[in-house]
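Student: Quick one: this structure, given as C-alpha cells, is what I'll be asking you about.
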Amino acid sequence: MPDGPALPSRPPWVAIGLLSGLGLGYEILLTRLLSLVHWHHLVPVVISLALLGYGASGTLLSLFRAGMLRRFGLVFTGAATLFALTAPLAFVAVRSVPFNPEAIPWAPVQLAWLLAIFLLLAVPFFCLATSIGLALTAYAARAHSVYAVDLLGAGAGAVSATLALYWVHPDQILFAVGLLGLVGAFIGLLEIGCFNPARLLPLVATVFLLWGAHSAGLLHSPPAEYKDLHRALLAPGSQIEAQSVGPMGVISAVRNDRVPLRYAPGLSLRAGSGPPEQRGLFIDGDSAGAITRFDGTHLPQYLADLTSMLPYQLLPRPRVLVLEPGGGTAVLQALAGGAVAVDVVEPNATLSGLIRGPYGAFSGALYDLPAVHLQLEDARRFLDLSDTSFDLVIVDLVDTQDATATGLAAQRISYLYTREAFRSMLNRLAPGGLLSITRWLQLPPRDMLRLVATAIMALEDIGVRDPARHLAVIRGWNTTVMLASPSPLSDESVQGIRSFARTRSFDLVHHPGLSPEDLNRFNRLETPLLHEGVAALLSGRRDDFINAYPFSIAPVTDDRPFFFRYSRWRNLGEWLSMPGGLGYGQIDWGYWVLVAAALQALVLGLVMILWPLRYLPSGPAVQHKPIVFRWLSYFALIGLGYLFVEVAYLQHLQRFLGHPVHTLAAVLGGFLSFSGLGSAVSARLPGSRRALLGVLGSVAGLAVVTLTMLPPLMGWVSSLSMPFRFGFAVVLIAPVAFVMGIPFPLALRMLAVQAPPLLPLAWGVNGCASVVSAVTAALLAMAVGFRGVVLCAACLYLLAGAMVVSRAPASPSESSAG
C-alpha cells in the first residue's frame with residue numbers, strides 16, 4: 001500500500017513539477033504583493049527570510065524520516081494541500097502586521113514585526129518544501145531525476161508568473177496559486193495511487209475556504225498606512241479614478257475635487273500661479289508625480305517658475321531628451337521651454353499607456369503631439385545604443401522624496417546615476433549641450449554632492465581638464481539642479497543662470513566665477529554646506545574631502561550601482577548617540593535593516609539546522625561528527641554559491657535586456673531549467689570525489705569566465721530586438737547553469753551511501769543557505785561589487801571541493817573506481 005512501508009515505484013513527477021513551479025511563482029508574486037502592501041525596498045529581505053521554511057522542512061524530515069516515509073502518500077499530498085491553503089492566508093495575515101519601516105529609528109519593535117512577517121511567510125514554503133524534500137528523500141537513488149523535475153518546474157513557474165503579471169492583478173494570481181496548489185495535491189493522489197473519496201474532503205474544504213476568502217475581499221492588497229497612496233486617500237474627496245496593472249507595478253491615479261492636488265516641486269516662492277488641475281500618480285502606493293491637465297495648446301505658466309526650468313533659459317529651441325518622465329511634467333516643461341523636438345524614454349509601458357489612454361484627453365494627448373517622440377525603453381539601454389545628439393538631456397526627480405529622505409532606498413540599484421551612465425549622457429550632447437539633473441534637497445547634502453563628484457569624473461573621462469568651468473548648481477527651497485556640459489559655460493550662460501536665480505529667488509551654489517557674496521541669499525541656511533562641498537570637490541583636495549566626509553559620496557559604478565547608500569560604518573555610533581534622536585534621519589535604514597535581516601536569517605538558520613543534530617537517528621556515519629560537518633558544510637557552500645552567481649547574472653543582464661521583468665524571467669527560468677538538465681545528466685557521472693571535484697572546479701571557472709565575457713558579448717548583439725536578446729541571454733546562461741545543476745544531486749547520491757539519515761537535512765541546509773545568500777549577496781555587492789560577488793561564489797565552490805577532499809569514508813563506487 002502507498003501509505004505502508006512500500007513506496008510507489010515511481011515518484012509523482014507531475015505533482016513535483018507543478019508544486020515547484022508554484023513555489024517559484026509564489027515567490028515572484030510576493031515581490032509584487034509586498035511592494036503594494038509594504039515597502040518594495042525590503043522585498044528581497046522578506047522573500048529571502050520567508051524561504052527559511054525550506055530549512056525547517058529539512059529539520060522535520062530529519063527527525064521523522066522513517067515515519068513520514070511510511071506515510072509517503074498522506075504526507076506528500078497533505079503538505080501540498082497545506083501549501084495551497086497557507087499561500088494565500090499567510091499573505092492575509094501579513095497584511096494585518098503593523099509594520100512601518102519609516103518608524104524603525106524610534107520604534108525598535110518594528111524589527112519584531114518584520115520578524116513576524118518572515119515567520120508567517122515561512123509557513124507556505126515550509127509546507128511546499130516538505131512535499132518536495134520528502135520525494136527527494138524517498139527516491140534517493142533517483143535524486144538526480146527528482147531534482148531535475150524540481151528545477152525544471154521551478155523555471156517554468158518563474159516564467160509563467162512574470163508573464164502573468166503583465167495582464168493579471170497580483171490579487172487574482174494569489175487566488176490562482178491556491179487553486180493550482182490543490183490541483184497539484186490532487187494529481188499527487190492519482191500518481192501515488194492513494195486516491196479515495198475520503199481524501200477529497202480536505203481538498204474540497206480548502207476550495208471553499210479559498211473561494212470564501214476571495215469573495216470576501218480578504219485577498220485584496222490595500223496599501224499600508226505609511227504609504228503615500230493611503231495618506232492621499234485620507235484627504236476629503238479623494239478617490240482612485242483609474243488603475244492599471246503591469247509587471248512594473250500597480251499604477252493608481254487619484255482625483256480630488258474638494259482638496260485639489262498641487263504637485264509642483266521646486267516652485268519658486270515668487271511664482272505668480274500654481275499648477276492647473278492634476279491627478280496624483282502612485283506606483284505600488286508610492287508617489288510617482290502627477291498628470292497635469294493640458295489642452296494641447298496653452299502650456300501651464302507655473303512651469304516657468306520651477307528650478308528645473310533653468311537649462312531652457314540658456315538654450316534657445318533645443319532638441320531635448322527626457323529620461324523617465326513619470327507623469328510627464330518634464331515633457332510639458334520642455335515644450336514650455338521652446339523645445340523643437342522632445343524624445344521621451346519611458347521604461348514603464350503601463351504608465352505611458354495610462355497617460356495616452358484613459359488620460360489622453362486630460363493630458364492633451366501629450367505623447368501623441370508632433371514634437372514628442374515616445375520610446376518605450378530602459379533609459380540606460382537607450383543611452384548606450386543611441387547615436388542621436390541632443391542639445392539637452394533631462395533627468396528630473398526620477399525618485400520619490402520619501403524613499404530617499406528616510407534612507408530606505410539604500411539597497412536600491414540604479415544604473416542611471418553611475419559614472420558610466422554620466423559618460424553616456426555627456427556623449428549624447430551636441431556641442432554646447434547641457435545635462436540637467438534635478439534632485440530633492442537633502443541636508444546635510446548627500447546625493448547632490450555625489451552627483452557633482454560623478455559629473456566631475458565623467459567630464460575628466462571625456463577629456464575635460466577644468467570641470468569647474470563646465471558645471472553649475474542652483475537650489476530652491478526643496479530641490480536642487482545641476483548642469484553639466486562638455487563645453488565650458490560661456491559668460492552669456494553664466495549671466496543667464498544668475499538672472500534666472502535672482503528673479504525667482506533661487507540660490508546659487510556654483511557657477512564659473514561665483515563670488516562669496518552671491519551665496520545663501522534667499523532660502524537661507526546656517527551654513528552653505530552644499531556650496532562648500534561642491535567647492536571642495538572641484539579643488540585639489542577632492543579625494544581627501546570624499547574620504548573624510550561623514551557620508552559616502554564617491555561616484556558609483558555599474559559594478560556597484562548603489563547610488564542611494566550613503567552611510568558609513570564609522571559614523572553609525574555618532575548618529576545614534578545624538579540627543580533626541582537627531583541623528584536618526586542621517587542613517588540609511590534600508591541598509592541597516594538588511595544587516596539586521598541577515599543576522600536574523602543566520603540565527604534562525606542555526607536554530608533550525610544545528611539544533612536538530614542532537615536528535616538525529618544513530619548510525620556509524622552520523623555519529624562520526626566530521627562526516628556530518630563536512631557534508632552539511634558542502635551543501636551550505638554550494639547553496640550560497642548558486643545564489644551568488646544567479647544574483648550577479650541578474651544585475652549584469654538587466655542593462656542588456658532593458659526590463660527587470662524580462663531579466664527575472666530569463667535568469668530564473670534559464671538557471672533553473674538548465675540546472676535541471678544538468679541534474680538529469682548527473683546520473684551518468686560516477687559517484688566519486690574525483691568527479692565531484694571536477695564539476696566544482698568547472699563551476700568556479702565558468703562563473704568567472706562567462707561573467708568576464710558578458711560585457712563584450714552583449715555589446716555585439718545589443719542592437720537586436722527583444723526576442724533575440726532574450727534568447728541570447730538564455731544561451732549565455734546555459735553552460736554555467738547546466739554545470740551548476742550537477743553538484744547537488746551528485747553529492748546526494750554519495751551521501752545516500754555514506755549517511756542516508758543526513759539526506760533530508762542536506763536538503764534543508766542547502767535551501768536555508770540559499771536563502772541567507774540572497775541577503776548576503778546584496779550586502780556583499782555593496783561592499784565589493786558584483787564582480788566581487790562572483791569571485792566569492794567561485795571561492796565557495798572551491799571550498800566545497802575542499803570539504804569533499806577531506807578525509808572521509810569513500811563510497812563503494814569510489815572505492816571500485818580506485
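As shown in the C-alpha cells, the chain order sets the letters A, B, ...; within each chain, residues go from 1, and ligands are also counted from 1 in the order they appear.
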For A:Leu693, work out the shell of residues within 12 Å, counting only C-alpha atoms and skipping chain neighbours fewer than 5 positions away, then give it as a list in words.

Tutor: Tyr634, Leu685, Pro686, Gly687, Ser688, Ser698, Val699, Ala700, Ile742, Pro743, Leu746, Ala747, Tyr797, Leu798, Leu799, Ala800, Gly801, Ala802, Met803, Val804, Val805 and Ser806 of chain A

Student: I'd like the neighbourhood of A:Ala176 as a PyMOL selection string, where a residue qualifies if any of its atoms comes within 10 Å (using only C-alpha atoms), though same-chain residues fewer than 3 positions away should be ignored.

Tutor: chain A and resi 22+84+88+170-173+179-182+210

Student: Measuring between only C-alpha atoms, which one of A:Leu209, A:Leu315, A:Leu269, A:Ile291 shows the shortest distance to A:Arg502?

Tutor: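 When distances to A:Arg502 are compared using only C-alpha atoms, the smallest one comes from A:Leu269.
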
Student: Do a neighbour search on A:Gly133 at 8 Å with only C-alpha atoms, toss out local chain neighbours closer than 5 positions, and write the hits as a PyMOL selection string.

Tutor: chain A and resi 57-58+61+760+763

Student: Do you have the atom CA of A:Val340-atom CA of A:Ser363 distance handy?

Tutor: 19.2 Å

Student: Pick out each residue of stretch 316-524 of chain A that DSSP on the backbone tags as strand (DSSP E); I need them as a PyMOL selection string.

Tutor: chain A and resi 319-323+341-345+372-375+390-396+429-440+471-475+479-484+507-510

Student: Using only C-alpha atoms, can you tell me which of A:Val607, A:Ala601, A:Leu200, A:Leu664 comes closest to A:Ser770?

Tutor: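 With only C-alpha atoms as the atom set, the closest residue is A:Ala601.
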
Student: Skipping near chain neighbours, those fewer than 2 positions away, what residues fall within 10 Å of A:Gly533 using only C-alpha atoms, listed as a PyMOL selection string?

Tutor: chain A and resi 445-446+448-450+452-453+509+528-531+535-539+542+545-546+549

Student: Find the residues around A:Val790 up to 12 Å (only C-alpha atoms counted), leave out those fewer than 5 positions away in its own chain, and share them as a ChimeraX atom specification.

Tutor: /A:559,640-652,699-708,777,780-781,784-785,795-797
